[in-house]
$ cat my_file_5.csv   # CSV, C-alpha atoms
chain,number,residue,atom,x,y,z
A,222,MET,CA,23.8,167.2,20.6
A,223,CYS,CA,27.5,167.7,20.3
A,224,VAL,CA,29.5,170.2,22.2
A,225,CYS,CA,32.8,171.8,21.2
A,226,VAL,CA,35.7,170.0,22.9
A,227,CYS,CA,37.8,173.1,23.4
A,228,SER,CA,35.2,175.8,24.3
A,229,GLY,CA,32.3,173.8,25.6
A,230,GLN,CA,29.9,175.7,23.3
A,231,LYS,CA,27.4,174.4,20.8
A,232,THR,CA,29.3,176.2,18.1
A,233,CYS,CA,33.1,176.0,17.9
A,234,PRO,CA,36.0,177.7,16.2
A,235,ALA,CA,37.2,176.0,13.0
A,236,ALA,CA,40.1,174.4,14.7
A,237,CYS,CA,38.0,171.8,16.5
A,238,GLY,CA,35.2,171.4,14.0
A,239,ILE,CA,36.7,168.2,12.9
A,240,ILE,CA,36.5,166.8,16.4
A,241,ILE,CA,32.8,167.6,16.6
A,242,LEU,CA,32.1,166.0,13.2
A,243,ALA,CA,34.0,162.9,14.4
A,244,MET,CA,31.9,162.8,17.5
A,245,GLU,CA,28.6,163.2,15.5
A,246,SER,CA,29.6,160.5,13.1
A,247,ARG,CA,30.7,158.2,15.9
A,248,ASN,CA,27.3,158.7,17.7
A,249,LYS,CA,25.5,158.0,14.4
A,250,LEU,CA,27.5,154.8,14.0
A,251,ILE,CA,26.7,153.7,17.5
A,252,ALA,CA,23.0,154.5,17.0
A,253,ASP,CA,22.9,152.6,13.7
A,254,LYS,CA,24.8,149.6,15.1
A,255,TRP,CA,22.5,149.5,18.2
A,256,SER,CA,19.5,149.6,15.9
A,257,LEU,CA,20.9,146.6,14.0
A,258,ILE,CA,21.6,144.7,17.2
A,259,LYS,CA,18.0,145.3,18.4
A,260,ASP,CA,16.6,144.2,15.0
A,261,ILE,CA,18.6,140.9,15.1
A,262,ILE,CA,18.2,140.0,18.8
A,263,GLY,CA,14.9,141.7,19.7
A,264,SER,CA,13.8,144.4,22.0
A,265,PRO,CA,16.3,145.1,24.9
A,266,SER,CA,13.3,145.3,27.3
A,267,LEU,CA,13.1,141.5,26.9
A,268,TRP,CA,16.8,140.9,27.6
A,269,PRO,CA,18.1,139.9,31.0
A,270,ASN,CA,19.1,143.1,32.8
A,271,ASN,CA,22.7,142.1,33.4
A,272,ILE,CA,23.2,141.4,29.7
A,273,ARG,CA,21.6,144.8,28.7
A,274,ARG,CA,24.1,146.6,31.0
A,275,LEU,CA,27.0,144.6,29.6
A,276,PHE,CA,26.3,145.9,26.1
A,277,TRP,CA,27.2,149.4,27.4
A,278,THR,CA,30.0,148.6,29.8
A,279,LYS,CA,33.6,149.5,28.8
A,280,ASN,CA,36.5,147.2,29.5
A,281,LEU,CA,34.6,144.0,30.2
A,282,THR,CA,36.1,141.4,32.5
A,283,HIS,CA,36.9,137.9,31.3
A,284,PHE,CA,33.6,136.5,32.7
A,285,GLN,CA,31.6,139.5,31.4
A,286,ARG,CA,32.9,138.9,27.9
A,287,PHE,CA,32.0,135.2,28.1
A,288,LEU,CA,28.4,136.0,29.2
A,289,LEU,CA,28.0,138.6,26.4
A,290,VAL,CA,29.4,136.3,23.7
A,291,CYS,CA,27.2,133.4,24.8
A,292,PHE,CA,24.1,135.7,24.7
A,293,CYS,CA,25.1,137.0,21.3
A,294,TYR,CA,25.8,133.6,19.9
A,295,VAL,CA,22.5,132.1,21.1
A,296,ASN,CA,20.6,135.0,19.7
A,297,GLY,CA,22.2,135.0,16.2
A,298,LEU,CA,24.3,138.2,16.4
A,299,SER,CA,27.2,137.7,13.9
A,300,PRO,CA,30.8,137.9,15.2
A,301,GLU,CA,31.5,140.8,12.8
A,302,ASP,CA,28.6,142.9,14.2
A,303,PHE,CA,29.8,142.2,17.7
A,304,TYR,CA,33.4,143.2,16.8
A,305,GLU,CA,32.1,146.5,15.3
A,306,TRP,CA,30.0,147.2,18.4
A,307,SER,CA,32.9,146.2,20.7
A,308,GLY,CA,35.2,148.6,18.9
A,309,LEU,CA,32.7,151.5,19.0
A,310,LEU,CA,32.2,151.2,22.7
A,311,HIS,CA,35.6,149.9,23.7
A,312,LEU,CA,34.2,146.8,25.4
A,313,CYS,CA,37.6,145.1,25.1
A,314,ARG,CA,40.4,146.9,26.8
A,315,ASP,CA,43.3,145.4,24.8
A,316,GLU,CA,44.3,143.0,22.1
A,317,SER,CA,44.2,140.0,24.4
A,318,ALA,CA,40.5,140.8,25.2
A,319,ARG,CA,39.7,141.0,21.5
A,320,LYS,CA,41.4,137.7,20.9
A,321,HIS,CA,39.4,136.2,23.8
A,322,VAL,CA,36.2,137.2,22.1
A,323,GLU,CA,37.3,136.0,18.7
A,324,SER,CA,38.3,132.7,20.3
A,325,LEU,CA,34.9,132.2,22.0
A,326,PHE,CA,33.0,132.9,18.8
A,327,GLU,CA,35.3,130.4,16.9
A,328,LYS,CA,34.9,127.7,19.5
A,329,PHE,CA,31.2,128.1,19.7
A,330,SER,CA,30.8,128.0,15.9
A,331,GLU,CA,32.9,124.8,15.9
A,332,GLY,CA,30.4,123.2,18.3
A,333,GLN,CA,32.7,123.1,21.3
A,334,TYR,CA,30.8,123.6,24.6
A,335,GLY,CA,27.5,123.3,22.7
A,336,ASP,CA,25.8,121.3,25.5
A,337,LYS,CA,27.7,122.9,28.4
A,338,TYR,CA,26.9,126.6,28.3
A,339,TYR,CA,23.6,128.4,27.8
A,340,ALA,CA,22.1,131.8,27.5
A,341,PHE,CA,18.7,133.4,27.2
A,342,ASN,CA,17.2,133.3,23.7
A,343,VAL,CA,15.0,136.4,23.3
A,344,SER,CA,12.9,135.3,20.3
A,345,ASN,CA,12.1,131.9,21.9
A,346,ASN,CA,11.7,133.4,25.4
A,347,ARG,CA,13.7,130.6,27.1
A,348,PHE,CA,17.2,129.5,28.0
A,349,GLU,CA,19.0,127.5,25.4
A,350,TYR,CA,22.3,125.8,25.2
A,351,LEU,CA,24.8,127.0,22.6
A,352,ASN,CA,23.8,124.0,20.3
A,353,GLY,CA,20.1,125.2,20.4
A,354,ASN,CA,18.8,122.6,22.8
A,355,VAL,CA,16.3,123.9,25.4
A,356,ARG,CA,17.7,124.2,28.9
A,357,LEU,CA,15.2,122.6,31.2
A,358,TYR,CA,14.9,123.7,34.8
A,359,VAL,CA,14.4,120.9,37.3
A,360,PRO,CA,13.6,122.0,40.8
A,361,ALA,CA,16.0,120.8,43.5
A,362,SER,CA,13.4,118.6,45.1
A,363,GLN,CA,13.0,116.6,41.9
A,364,ARG,CA,16.7,116.1,41.1
A,365,THR,CA,18.1,112.6,41.5
$ encode --input "my_file_5.csv" --output "structure tokens"
Amino acid sequence: MCVCVCSGQKTCPAACGIIILAMESRNKLIADKWSLIKDIIGSPSLWPNNIRRLFWTKNLTHFQRFLLVCFCYVNGLSPEDFYEWSGLLHLCRDESARKHVESLFEKFSEGQYGDKYYAFNVSNNRFEYLNGNVRLYVPASQRT
């Protein structure tokens, strides 16, 4: 439900009708993009809790952007879909943050850091490195 920006009522004077239409269309865009993300990655109930929260957090920090891009890359979300989502929810506070995200996707697609960083792959229900290899957990007592 949208509310008039100037009067706070469900109906509004003609002067701000454009604002309400813009809010409704933005909400529809967000819902449509969220539905697409869920279709690509899988049900958010299967995602790690911290990642699920990051998808809705405005002005992500450097580390939060890194975690989110790793998760998206491992789960097959295209950079373009992520850029659109990021723009709709203002995940990146400025141009340098947007460039950081673009740079991460570019480096990951080039194969840099493929065997260094990992994220949870929802469809495979396991942690995987950026290059697709399974990240195996070795208990501390068995490490050499």
$ closest_residue --input "my_file_5.csv" --among "A:Lys328, A:Ile258, A:Pro269, A:Tyr338" --to "Glu301 in chain A" --atoms "only C-alpha atoms"
A:Ile258
$ residues_around --input "my_file_5.csv" --residues "Gly335 in chain A" --least-positions-apart "6" --cutoff "8 Å" --atoms "all atoms listed in the file" --output "PyMOL selection string"
chain A and resi 329+350-353
$ write_last_selection --input "my_file_5.csv" --atoms "C-alpha atoms" --output "PDB file, keeping the file's coordinate frame"
ATOM      1  CA  PHE A 329      31.200 128.100  19.700  1.00  0.00           C
ATOM      2  CA  TYR A 350      22.300 125.800  25.200  1.00  0.00           C
ATOM      3  CA  LEU A 351      24.800 127.000  22.600  1.00  0.00           C
ATOM      4  CA  ASN A 352      23.800 124.000  20.300  1.00  0.00           C
ATOM      5  CA  GLY A 353      20.100 125.200  20.400  1.00  0.00           C
TER       6      GLY A 353
END
$ residues_near_point --input "my_file_5.csv" --point "(33.8, 132.2, 16.7)" --cutoff "12 Å" --atoms "only C-alpha atoms" --output "NGL selection string"
:A and (287 or 290-291 or 293-294 or 297-301 or 303-304 or 319-333 or 351)
$ atom_distance --input "my_file_5.csv" --atom1 "CA of Thr282 in chain A" --atom2 "CA of Leu312 in chain A"
9.1 Å
$ closest_residue --input "my_file_5.csv" --among "A:Arg347, A:Lys279, A:Lys337, A:Lys249" --to "Asp315 in chain A" --atoms "only C-alpha atoms"
A:Lys279
$ atom_distance --input "my_file_5.csv" --atom1 "CA of Glu316 in chain A" --atom2 "CA of Phe276 in chain A"
18.7 Å
$ residues_around --input "my_file_5.csv" --residues "Glu349 in chain A" --least-positions-apart "5" --cutoff "8 Å" --atoms "only C-alpha atoms" --output "PyMOL selection string"
chain A and resi 295+339-342+354-356
$ atom_distance --input "my_file_5.csv" --atom1 "CA of Trp306 in chain A" --atom2 "CA of Phe284 in chain A"
18.2 Å
$ closest_residue --input "my_file_5.csv" --among "A:Leu309, A:Val343, A:Leu275, A:Ala318" --to "Gly263 in chain A" --atoms "all atoms listed in the file"
A:Val343
$ closest_residue --input "my_file_5.csv" --among "A:Lys254, A:His283, A:Arg247, A:Asp336" --to "Glu305 in chain A" --atoms "all atoms listed in the file"
A:Lys254
$ closest_residue --input "my_file_5.csv" --among "A:Ser344, A:His311, A:Ser246, A:Tyr334" --to "Pro265 in chain A" --atoms "all atoms listed in the file"
A:Ser344
$ closest_residue --input "my_file_5.csv" --among "A:Asn296, A:Leu281, A:Phe348, A:Leu289" --to "Arg314 in chain A" --atoms "only C-alpha atoms"
A:Leu281
